[in-house]
$ cat query-v7.txt   # compact mmCIF, N, CA and C atoms and all ligand atoms
# COMPACT_ATOMS: atom_id res chain seq x y z
N MET A 18 -8.29 -208.39 88.31
CA MET A 18 -9.03 -208.20 89.57
C MET A 18 -8.31 -207.20 90.47
N THR A 19 -9.06 -206.37 91.13
CA THR A 19 -8.49 -205.45 92.10
C THR A 19 -8.60 -206.08 93.48
N GLN A 20 -8.08 -205.40 94.48
CA GLN A 20 -8.17 -205.92 95.85
C GLN A 20 -9.61 -206.05 96.31
N THR A 21 -10.51 -205.24 95.76
CA THR A 21 -11.90 -205.29 96.18
C THR A 21 -12.65 -206.43 95.51
N GLY A 22 -12.01 -207.11 94.56
CA GLY A 22 -12.69 -208.17 93.85
C GLY A 22 -13.48 -207.67 92.66
N LEU A 23 -13.46 -206.36 92.43
CA LEU A 23 -14.17 -205.80 91.28
C LEU A 23 -13.25 -205.79 90.08
N THR A 24 -13.75 -206.19 88.93
CA THR A 24 -12.96 -206.00 87.71
C THR A 24 -13.18 -204.57 87.26
N SER A 25 -12.21 -204.02 86.57
CA SER A 25 -12.39 -202.66 86.08
C SER A 25 -13.33 -202.68 84.87
N HIS A 26 -13.89 -201.53 84.54
CA HIS A 26 -14.75 -201.33 83.37
C HIS A 26 -16.05 -202.11 83.44
N GLN A 27 -16.57 -202.37 84.62
CA GLN A 27 -17.93 -202.89 84.67
C GLN A 27 -18.86 -201.73 84.36
N CYS A 28 -20.09 -202.06 83.98
CA CYS A 28 -20.93 -201.01 83.38
C CYS A 28 -21.52 -200.03 84.36
N LEU A 29 -22.38 -200.49 85.21
CA LEU A 29 -23.22 -199.55 85.95
C LEU A 29 -23.33 -199.96 87.40
N SER A 30 -23.16 -199.01 88.27
CA SER A 30 -23.46 -199.27 89.68
C SER A 30 -24.48 -198.25 90.15
N LEU A 31 -25.22 -198.61 91.19
CA LEU A 31 -26.32 -197.80 91.67
C LEU A 31 -26.12 -197.53 93.15
N VAL A 32 -26.22 -196.27 93.52
CA VAL A 32 -26.10 -195.88 94.91
C VAL A 32 -27.42 -195.25 95.32
N ILE A 33 -27.96 -195.66 96.45
CA ILE A 33 -29.21 -195.07 96.94
C ILE A 33 -28.86 -194.04 98.01
N GLY A 34 -29.21 -192.79 97.75
CA GLY A 34 -29.01 -191.73 98.74
C GLY A 34 -27.77 -190.91 98.45
N ALA A 35 -27.94 -189.58 98.42
CA ALA A 35 -26.83 -188.67 98.14
C ALA A 35 -26.40 -187.93 99.40
N GLY A 36 -26.40 -188.66 100.53
CA GLY A 36 -25.78 -188.12 101.73
C GLY A 36 -24.27 -188.32 101.62
N ILE A 37 -23.56 -188.03 102.68
CA ILE A 37 -22.09 -188.15 102.63
C ILE A 37 -21.66 -189.59 102.33
N ALA A 38 -22.37 -190.57 102.90
CA ALA A 38 -21.99 -191.97 102.65
C ALA A 38 -22.23 -192.34 101.19
N GLY A 39 -23.38 -191.95 100.65
CA GLY A 39 -23.69 -192.27 99.25
C GLY A 39 -22.72 -191.60 98.29
N LEU A 40 -22.42 -190.32 98.56
CA LEU A 40 -21.52 -189.60 97.66
C LEU A 40 -20.11 -190.19 97.69
N LEU A 41 -19.66 -190.57 98.87
CA LEU A 41 -18.32 -191.16 98.96
C LEU A 41 -18.30 -192.56 98.35
N ALA A 42 -19.38 -193.31 98.54
CA ALA A 42 -19.47 -194.63 97.89
C ALA A 42 -19.42 -194.46 96.37
N ALA A 43 -20.13 -193.45 95.87
CA ALA A 43 -20.12 -193.20 94.42
C ALA A 43 -18.72 -192.84 93.94
N ARG A 44 -18.01 -192.04 94.73
CA ARG A 44 -16.63 -191.67 94.35
C ARG A 44 -15.75 -192.93 94.28
N ALA A 45 -15.89 -193.81 95.27
CA ALA A 45 -15.08 -195.03 95.28
C ALA A 45 -15.46 -195.94 94.11
N LEU A 46 -16.75 -196.06 93.87
CA LEU A 46 -17.20 -196.95 92.78
C LEU A 46 -16.81 -196.41 91.41
N SER A 47 -16.63 -195.09 91.31
CA SER A 47 -16.32 -194.50 90.00
C SER A 47 -14.98 -195.00 89.44
N GLU A 48 -14.16 -195.57 90.28
CA GLU A 48 -12.90 -196.13 89.79
C GLU A 48 -13.08 -197.52 89.21
N HIS A 49 -14.25 -198.12 89.40
CA HIS A 49 -14.47 -199.50 88.98
C HIS A 49 -15.62 -199.66 87.99
N TYR A 50 -16.42 -198.62 87.83
CA TYR A 50 -17.57 -198.72 86.95
C TYR A 50 -17.54 -197.57 85.95
N GLU A 51 -18.02 -197.86 84.76
CA GLU A 51 -18.10 -196.80 83.75
C GLU A 51 -19.11 -195.74 84.17
N GLN A 52 -20.20 -196.15 84.77
CA GLN A 52 -21.23 -195.20 85.22
C GLN A 52 -21.62 -195.49 86.65
N VAL A 53 -21.81 -194.44 87.40
CA VAL A 53 -22.37 -194.58 88.74
C VAL A 53 -23.60 -193.69 88.80
N GLN A 54 -24.73 -194.28 89.11
CA GLN A 54 -25.95 -193.49 89.24
C GLN A 54 -26.33 -193.40 90.70
N ILE A 55 -26.69 -192.20 91.12
CA ILE A 55 -27.15 -191.98 92.49
C ILE A 55 -28.64 -191.67 92.44
N VAL A 56 -29.41 -192.43 93.20
CA VAL A 56 -30.85 -192.19 93.30
C VAL A 56 -31.10 -191.48 94.62
N GLU A 57 -31.67 -190.29 94.57
CA GLU A 57 -31.88 -189.48 95.76
C GLU A 57 -33.34 -189.06 95.82
N ARG A 58 -33.91 -189.14 97.02
CA ARG A 58 -35.32 -188.78 97.20
C ARG A 58 -35.53 -187.27 97.08
N ASP A 59 -34.61 -186.49 97.63
CA ASP A 59 -34.72 -185.03 97.55
C ASP A 59 -34.31 -184.53 96.17
N ILE A 60 -34.81 -183.36 95.80
CA ILE A 60 -34.24 -182.63 94.68
C ILE A 60 -33.01 -181.91 95.22
N LEU A 61 -31.84 -182.20 94.67
CA LEU A 61 -30.62 -181.61 95.22
C LEU A 61 -30.52 -180.14 94.84
N PRO A 62 -30.16 -179.29 95.80
CA PRO A 62 -30.05 -177.85 95.51
C PRO A 62 -28.83 -177.54 94.66
N GLU A 63 -28.88 -176.41 93.98
CA GLU A 63 -27.74 -175.97 93.15
C GLU A 63 -26.55 -175.59 94.02
N HIS A 64 -26.83 -175.01 95.18
CA HIS A 64 -25.78 -174.54 96.07
C HIS A 64 -25.97 -175.21 97.43
N PRO A 65 -24.92 -175.21 98.25
CA PRO A 65 -25.07 -175.85 99.57
C PRO A 65 -26.18 -175.21 100.38
N GLU A 66 -27.14 -176.01 100.78
CA GLU A 66 -28.20 -175.51 101.66
C GLU A 66 -28.86 -176.70 102.35
N TYR A 67 -29.64 -176.43 103.37
CA TYR A 67 -30.27 -177.50 104.11
C TYR A 67 -31.37 -178.14 103.26
N ARG A 68 -31.59 -179.44 103.49
CA ARG A 68 -32.68 -180.13 102.79
C ARG A 68 -33.28 -181.19 103.69
N ALA A 69 -34.49 -181.62 103.34
CA ALA A 69 -35.26 -182.48 104.23
C ALA A 69 -34.58 -183.82 104.50
N GLY A 70 -33.90 -184.38 103.50
CA GLY A 70 -33.33 -185.72 103.63
C GLY A 70 -32.13 -185.82 104.55
N THR A 71 -31.53 -184.67 104.87
CA THR A 71 -30.38 -184.68 105.79
C THR A 71 -30.65 -183.67 106.91
N PRO A 72 -31.63 -183.98 107.78
CA PRO A 72 -32.04 -183.01 108.81
C PRO A 72 -30.94 -182.68 109.81
N GLN A 73 -29.89 -183.50 109.86
CA GLN A 73 -28.78 -183.23 110.78
C GLN A 73 -27.83 -182.16 110.26
N SER A 74 -28.04 -181.71 109.02
CA SER A 74 -27.00 -180.88 108.38
C SER A 74 -26.84 -179.51 109.01
N PHE A 75 -27.83 -179.03 109.74
CA PHE A 75 -27.66 -177.70 110.33
C PHE A 75 -26.78 -177.73 111.58
N HIS A 76 -26.51 -178.93 112.10
CA HIS A 76 -25.62 -179.03 113.25
C HIS A 76 -24.17 -178.82 112.82
N LEU A 77 -23.38 -178.28 113.73
CA LEU A 77 -21.94 -178.16 113.48
C LEU A 77 -21.36 -179.56 113.25
N HIS A 78 -20.59 -179.73 112.18
CA HIS A 78 -19.93 -181.00 111.88
C HIS A 78 -18.43 -180.79 111.77
N ARG A 79 -17.68 -181.64 112.42
CA ARG A 79 -16.21 -181.61 112.31
C ARG A 79 -15.76 -182.93 111.71
N LEU A 80 -14.68 -182.87 110.95
CA LEU A 80 -14.10 -184.11 110.43
C LEU A 80 -13.21 -184.73 111.50
N ILE A 81 -13.43 -186.01 111.76
CA ILE A 81 -12.48 -186.71 112.62
C ILE A 81 -11.28 -187.11 111.75
N SER A 82 -10.17 -187.48 112.40
CA SER A 82 -8.92 -187.60 111.65
C SER A 82 -8.98 -188.69 110.59
N ARG A 83 -9.60 -189.82 110.91
CA ARG A 83 -9.68 -190.89 109.90
C ARG A 83 -10.52 -190.44 108.71
N GLY A 84 -11.60 -189.75 108.99
CA GLY A 84 -12.44 -189.23 107.91
C GLY A 84 -11.67 -188.25 107.04
N ARG A 85 -10.89 -187.41 107.69
CA ARG A 85 -10.09 -186.46 106.92
C ARG A 85 -9.10 -187.19 106.01
N THR A 86 -8.45 -188.22 106.56
CA THR A 86 -7.47 -188.98 105.77
C THR A 86 -8.12 -189.60 104.54
N VAL A 87 -9.26 -190.24 104.76
CA VAL A 87 -9.95 -190.91 103.65
C VAL A 87 -10.41 -189.88 102.61
N LEU A 88 -10.97 -188.78 103.09
CA LEU A 88 -11.46 -187.76 102.15
C LEU A 88 -10.33 -187.16 101.32
N GLU A 89 -9.16 -186.98 101.94
CA GLU A 89 -8.08 -186.37 101.19
C GLU A 89 -7.44 -187.34 100.20
N VAL A 90 -7.60 -188.65 100.43
CA VAL A 90 -7.18 -189.62 99.42
C VAL A 90 -8.14 -189.53 98.22
N LEU A 91 -9.43 -189.48 98.51
CA LEU A 91 -10.42 -189.46 97.43
C LEU A 91 -10.47 -188.10 96.72
N PHE A 92 -10.27 -187.03 97.49
CA PHE A 92 -10.34 -185.66 96.94
C PHE A 92 -9.12 -184.88 97.43
N PRO A 93 -7.98 -184.98 96.70
CA PRO A 93 -6.77 -184.29 97.16
C PRO A 93 -7.03 -182.79 97.33
N ASN A 94 -6.46 -182.22 98.39
CA ASN A 94 -6.57 -180.78 98.72
C ASN A 94 -7.97 -180.36 99.16
N LEU A 95 -8.82 -181.34 99.49
CA LEU A 95 -10.20 -180.99 99.86
C LEU A 95 -10.25 -180.03 101.04
N ILE A 96 -9.46 -180.30 102.08
CA ILE A 96 -9.56 -179.48 103.29
C ILE A 96 -9.17 -178.03 102.99
N SER A 97 -8.07 -177.85 102.27
CA SER A 97 -7.67 -176.48 101.97
C SER A 97 -8.70 -175.79 101.08
N GLU A 98 -9.31 -176.53 100.16
CA GLU A 98 -10.36 -175.92 99.33
C GLU A 98 -11.58 -175.54 100.16
N LEU A 99 -11.96 -176.40 101.09
CA LEU A 99 -13.10 -176.07 101.95
C LEU A 99 -12.81 -174.81 102.76
N LEU A 100 -11.60 -174.73 103.29
CA LEU A 100 -11.24 -173.55 104.08
C LEU A 100 -11.24 -172.30 103.21
N GLU A 101 -10.74 -172.43 101.98
CA GLU A 101 -10.73 -171.27 101.06
C GLU A 101 -12.15 -170.82 100.74
N ARG A 102 -13.08 -171.79 100.70
CA ARG A 102 -14.47 -171.44 100.34
C ARG A 102 -15.31 -171.06 101.54
N GLY A 103 -14.70 -170.90 102.69
CA GLY A 103 -15.44 -170.35 103.81
C GLY A 103 -15.76 -171.30 104.94
N ALA A 104 -15.35 -172.58 104.85
CA ALA A 104 -15.55 -173.48 105.99
C ALA A 104 -14.72 -172.96 107.16
N ALA A 105 -15.20 -173.20 108.35
CA ALA A 105 -14.49 -172.71 109.54
C ALA A 105 -13.34 -173.65 109.87
N SER A 106 -12.20 -173.08 110.19
CA SER A 106 -11.07 -173.89 110.66
C SER A 106 -11.32 -174.27 112.12
N THR A 107 -10.92 -175.50 112.46
CA THR A 107 -11.07 -175.93 113.86
C THR A 107 -9.80 -175.67 114.67
N ALA A 108 -8.76 -175.15 114.03
CA ALA A 108 -7.47 -175.03 114.72
C ALA A 108 -7.59 -174.22 116.00
N ASN A 109 -7.25 -174.87 117.11
CA ASN A 109 -7.25 -174.23 118.44
C ASN A 109 -8.60 -173.69 118.88
N LYS A 110 -9.65 -174.20 118.29
CA LYS A 110 -10.99 -173.82 118.73
C LYS A 110 -11.45 -174.81 119.81
N GLY A 111 -12.18 -174.33 120.76
CA GLY A 111 -12.69 -175.20 121.81
C GLY A 111 -14.00 -175.85 121.41
N MET A 112 -14.17 -177.10 121.86
CA MET A 112 -15.46 -177.75 121.66
C MET A 112 -16.03 -178.08 123.04
N HIS A 113 -17.24 -177.62 123.30
CA HIS A 113 -17.83 -177.77 124.63
C HIS A 113 -18.88 -178.87 124.60
N PHE A 114 -18.72 -179.84 125.48
CA PHE A 114 -19.70 -180.92 125.60
C PHE A 114 -20.47 -180.72 126.90
N VAL A 115 -21.78 -180.74 126.79
CA VAL A 115 -22.61 -180.56 127.98
C VAL A 115 -23.70 -181.61 127.95
N ASN A 116 -23.86 -182.37 129.03
CA ASN A 116 -25.00 -183.25 129.15
C ASN A 116 -25.41 -183.35 130.63
N GLN A 117 -26.30 -184.27 130.94
CA GLN A 117 -26.83 -184.33 132.29
C GLN A 117 -25.79 -184.75 133.32
N PHE A 118 -24.64 -185.28 132.85
CA PHE A 118 -23.61 -185.74 133.79
C PHE A 118 -22.51 -184.70 134.03
N GLY A 119 -22.53 -183.65 133.26
CA GLY A 119 -21.51 -182.62 133.45
C GLY A 119 -21.10 -182.00 132.13
N GLN A 120 -19.92 -181.41 132.11
CA GLN A 120 -19.45 -180.77 130.89
C GLN A 120 -17.93 -180.78 130.84
N PHE A 121 -17.39 -180.71 129.63
CA PHE A 121 -15.95 -180.55 129.47
C PHE A 121 -15.68 -179.88 128.13
N THR A 122 -14.46 -179.37 128.00
CA THR A 122 -14.07 -178.66 126.79
C THR A 122 -12.76 -179.25 126.28
N ILE A 123 -12.68 -179.48 124.97
CA ILE A 123 -11.41 -179.91 124.38
C ILE A 123 -11.00 -178.90 123.31
N TYR A 124 -9.68 -178.77 123.13
CA TYR A 124 -9.15 -177.89 122.10
C TYR A 124 -8.42 -178.72 121.07
N ASP A 125 -8.61 -178.37 119.82
CA ASP A 125 -8.00 -179.12 118.73
C ASP A 125 -6.92 -178.25 118.09
N PRO A 126 -5.66 -178.67 118.17
CA PRO A 126 -4.59 -177.84 117.60
C PRO A 126 -4.45 -177.98 116.09
N THR A 127 -5.17 -178.92 115.50
CA THR A 127 -4.96 -179.18 114.07
C THR A 127 -5.93 -178.37 113.22
N GLU A 128 -5.54 -178.20 111.98
CA GLU A 128 -6.34 -177.39 111.05
C GLU A 128 -7.30 -178.28 110.28
N TYR A 129 -8.49 -178.52 110.82
CA TYR A 129 -9.52 -179.25 110.09
C TYR A 129 -10.58 -178.25 109.67
N ALA A 130 -11.39 -178.65 108.70
CA ALA A 130 -12.49 -177.79 108.30
C ALA A 130 -13.75 -178.25 109.01
N SER A 131 -14.56 -177.31 109.44
CA SER A 131 -15.86 -177.68 109.97
C SER A 131 -16.90 -176.81 109.29
N THR A 132 -18.11 -177.31 109.23
CA THR A 132 -19.17 -176.56 108.56
C THR A 132 -20.37 -176.47 109.47
C1 LIG B 201 -26.20 -183.33 116.05
C2 LIG B 201 -25.28 -184.16 115.17
C3 LIG B 201 -23.93 -183.83 115.08
C4 LIG B 201 -23.07 -184.63 114.33
N1 LIG B 201 -21.75 -184.29 114.27
C5 LIG B 201 -20.90 -185.02 113.53
C6 LIG B 201 -19.54 -184.64 113.41
O1 LIG B 201 -19.10 -183.65 113.98
N2 LIG B 201 -18.72 -185.41 112.66
C7 LIG B 201 -19.18 -186.52 112.00
O2 LIG B 201 -18.38 -187.17 111.33
N3 LIG B 201 -20.48 -186.90 112.09
C8 LIG B 201 -21.34 -186.18 112.83
N4 LIG B 201 -22.65 -186.54 112.91
C9 LIG B 201 -23.09 -187.75 112.18
C10 LIG B 201 -23.31 -187.46 110.71
O3 LIG B 201 -24.18 -186.35 110.53
C11 LIG B 201 -23.97 -188.69 110.06
O4 LIG B 201 -23.26 -189.86 110.41
C12 LIG B 201 -23.95 -188.59 108.55
O5 LIG B 201 -24.45 -187.36 108.11
C13 LIG B 201 -24.77 -189.72 107.95
O6 LIG B 201 -24.62 -189.65 106.57
P1 LIG B 201 -25.26 -190.73 105.64
O7 LIG B 201 -24.91 -190.38 104.21
O8 LIG B 201 -24.97 -192.09 106.13
O9 LIG B 201 -26.84 -190.59 105.86
P2 LIG B 201 -27.81 -189.33 105.57
O10 LIG B 201 -27.12 -188.01 105.77
O11 LIG B 201 -29.04 -189.62 106.37
O12 LIG B 201 -28.14 -189.42 104.02
C14 LIG B 201 -29.09 -190.34 103.53
C15 LIG B 201 -29.52 -189.85 102.14
O13 LIG B 201 -30.40 -190.83 101.58
C16 LIG B 201 -31.55 -190.16 101.07
N5 LIG B 201 -32.64 -191.13 101.13
C17 LIG B 201 -33.25 -191.63 102.22
N6 LIG B 201 -34.19 -192.52 101.87
C18 LIG B 201 -34.14 -192.59 100.52
C19 LIG B 201 -34.86 -193.36 99.56
N7 LIG B 201 -35.83 -194.24 99.92
N8 LIG B 201 -34.58 -193.20 98.25
C20 LIG B 201 -33.58 -192.32 97.86
N9 LIG B 201 -32.87 -191.57 98.74
C21 LIG B 201 -33.17 -191.72 100.04
C22 LIG B 201 -31.75 -188.96 101.99
O14 LIG B 201 -32.53 -187.94 101.37
C23 LIG B 201 -30.29 -188.53 102.19
O15 LIG B 201 -29.83 -187.69 101.15
C24 LIG B 201 -23.56 -185.77 113.64
C25 LIG B 201 -24.93 -186.06 113.69
C26 LIG B 201 -25.78 -185.28 114.44
C27 LIG B 201 -27.27 -185.61 114.48
$ encode --input "query-v7.txt" --output "structure tokens"
Amino acid sequence: MTQTGLTSHQCLSLVIGAGIAGLLAARALSEHYEQVQIVERDILPEHPEYRAGTPQSFHLHRLISRGRTVLEVLFPNLISELLERGAASTANKGMHFVNQFGQFTIYDPTEYAST
């Protein structure tokens, strides 16, 4: 038994949805199941592009620190690979928040990838 209560080498697990949560769940489950199947409503594109099932994808996305930590455990060197492939670095870039109550700007000194 592992800490998750899953025995290793179980046969098949099923994940619904190939968004970031589904893909990361599949990555985690792949250590405990011989096969992981992902059922997705969209036809997934060959290359990164927008699709109907993830309408938020055109917005700027930054990794928060906990997300970065978890992703780099699951996918070592992910951040540097994303940066090499053209993701924007957040290092020392300003982020501007504006709403009906006012606005403020924060600067991030760390090197995260954003898309
Ligand atoms: C403007 C904006 C900015 C954001 N900025 C950030 C940010 O900077 N940092 C951050 O961490 N988060 C950010 N978020 C939040 C982030 O985008 C979401 O939390 C995240 O994308 C949700 O991922 P998910 O996999 O849970 O769901 P989704 O991305 O919604 O994926 C769900 C998947 O399930 C599929 N699906 C749905 N129904 C079915 C079905 N019946 N059968 C099969 N497949 C199905 C869909 O096609 C899709 O692929 C932002 C969100 C918005 C709107």
$ closest_residue --input "query-v7.txt" --among "A:Leu29, A:Ile60, A:Leu46, A:Leu88" --to "ligand LIG 201 (chain B)" --atoms "only N, CA and C atoms and all ligand atoms"
A:Ile60
$ atom_distance --input "query-v7.txt" --atom1 "atom O1 of ligand LIG 201 (chain B)" --atom2 "atom C of Gln54 (chain A)"
26.3 Å
$ atom_distance --input "query-v7.txt" --atom1 "atom N of His78 (chain A)" --atom2 "atom N of Ser47 (chain A)"
26.2 Å
$ select_by_dssp --input "query-v7.txt" --residues "chain A" --states "alpha helix (DSSP H)" --output "list in words"
Ile37, Ala38, Gly39, Leu40, Leu41, Ala42, Ala43, Arg44, Ala45, Leu46, Ser82, Arg83, Gly84, Arg85, Thr86, Val87, Leu88, Glu89, Val90, Leu91, Leu95, Ile96, Ser97, Glu98, Leu99, Leu100 and Glu101 of chain A
$ residues_around --input "query-v7.txt" --residues "His113 (chain A)" --least-positions-apart "5" --cutoff "7 Å" --atoms "all atoms listed in the file" --output "PDB file with N, CA and C atoms, in the frame of the given file"
ATOM      1  N   GLN A 120     -19.920-181.410 132.110  1.00  0.00           N
ATOM      2  CA  GLN A 120     -19.450-180.770 130.890  1.00  0.00           C
ATOM      3  C   GLN A 120     -17.930-180.780 130.840  1.00  0.00           C
ATOM      4  N   PHE A 121     -17.390-180.710 129.630  1.00  0.00           N
ATOM      5  CA  PHE A 121     -15.950-180.550 129.470  1.00  0.00           C
ATOM      6  C   PHE A 121     -15.680-179.880 128.130  1.00  0.00           C
ATOM      7  N   THR A 122     -14.460-179.370 128.000  1.00  0.00           N
ATOM      8  CA  THR A 122     -14.070-178.660 126.790  1.00  0.00           C
ATOM      9  C   THR A 122     -12.760-179.250 126.280  1.00  0.00           C
ATOM     10  N   ILE A 123     -12.680-179.480 124.970  1.00  0.00           N
ATOM     11  CA  ILE A 123     -11.410-179.910 124.380  1.00  0.00           C
ATOM     12  C   ILE A 123     -11.000-178.900 123.310  1.00  0.00           C
TER      13      ILE A 123
END
$ closest_atom_pairs --input "query-v7.txt" --of "chain A" --to "ligand LIG 201 (chain B)" --cutoff "9 Å" --atoms "only C-alpha atoms and all ligand atoms" --output "tab-separated table"
residue	atom	partner	partner_atom	distance
A:Val32	CA	B:LIG201	C20	8.8
A:Ile33	CA	B:LIG201	C20	5.2
A:Gly34	CA	B:LIG201	O13	3.3
A:Ala35	CA	B:LIG201	O15	4.4
A:Gly36	CA	B:LIG201	O7	3.5
A:Ile37	CA	B:LIG201	O7	3.9
A:Ala38	CA	B:LIG201	O7	3.7
A:Gly39	CA	B:LIG201	O7	5.4
A:Leu40	CA	B:LIG201	O7	7.4
A:Leu41	CA	B:LIG201	O7	8.5
A:Ile55	CA	B:LIG201	C20	8.4
A:Val56	CA	B:LIG201	C20	5.3
A:Glu57	CA	B:LIG201	N9	3.8
A:Arg58	CA	B:LIG201	C20	4.0
A:Asp59	CA	B:LIG201	O14	5.3
A:Ile60	CA	B:LIG201	O14	8.7
A:Leu61	CA	B:LIG201	O15	8.5
A:Arg68	CA	B:LIG201	O14	7.9
A:Ala69	CA	B:LIG201	O14	6.7
A:Gly70	CA	B:LIG201	O14	3.3
A:Thr71	CA	B:LIG201	O10	4.7
A:Pro72	CA	B:LIG201	O10	7.6
A:Gln73	CA	B:LIG201	C27	4.7
A:Ser74	CA	B:LIG201	O3	6.5
A:Phe75	CA	B:LIG201	C1	8.2
A:His76	CA	B:LIG201	C1	5.2
A:Leu77	CA	B:LIG201	N1	6.2
A:His78	CA	B:LIG201	O1	3.5
A:Arg79	CA	B:LIG201	O1	3.9
A:Leu80	CA	B:LIG201	N2	5.3
A:Ile81	CA	B:LIG201	O2	6.1
A:Gly84	CA	B:LIG201	O2	7.2
A:Ser131	CA	B:LIG201	O1	7.9
A:Thr132	CA	B:LIG201	O1	8.9
$ closest_residue --input "query-v7.txt" --among "A:Ser97, A:Ser106, A:Asn116, A:Ser30" --to "Ala42 (chain A)" --atoms "only C-alpha atoms"
A:Ser30
$ closest_residue --input "query-v7.txt" --among "A:Ala43, A:Tyr124, A:Ala104, A:Gly111" --to "Leu31 (chain A)" --atoms "all atoms listed in the file"
A:Ala43
$ atom_distance --input "query-v7.txt" --atom1 "CA of Pro65 (chain A)" --atom2 "CA of Leu99 (chain A)"
12.2 Å
$ axis_aligned_box --input "query-v7.txt" --around "region 59-63 of chain A" --padding-each-side "4 Å" --output "AutoDock Vina command-line options"
--center_x -30.7 --center_y -181.0 --center_z 95.4 --size_x 16.3 --size_y 18.9 --size_z 12.5
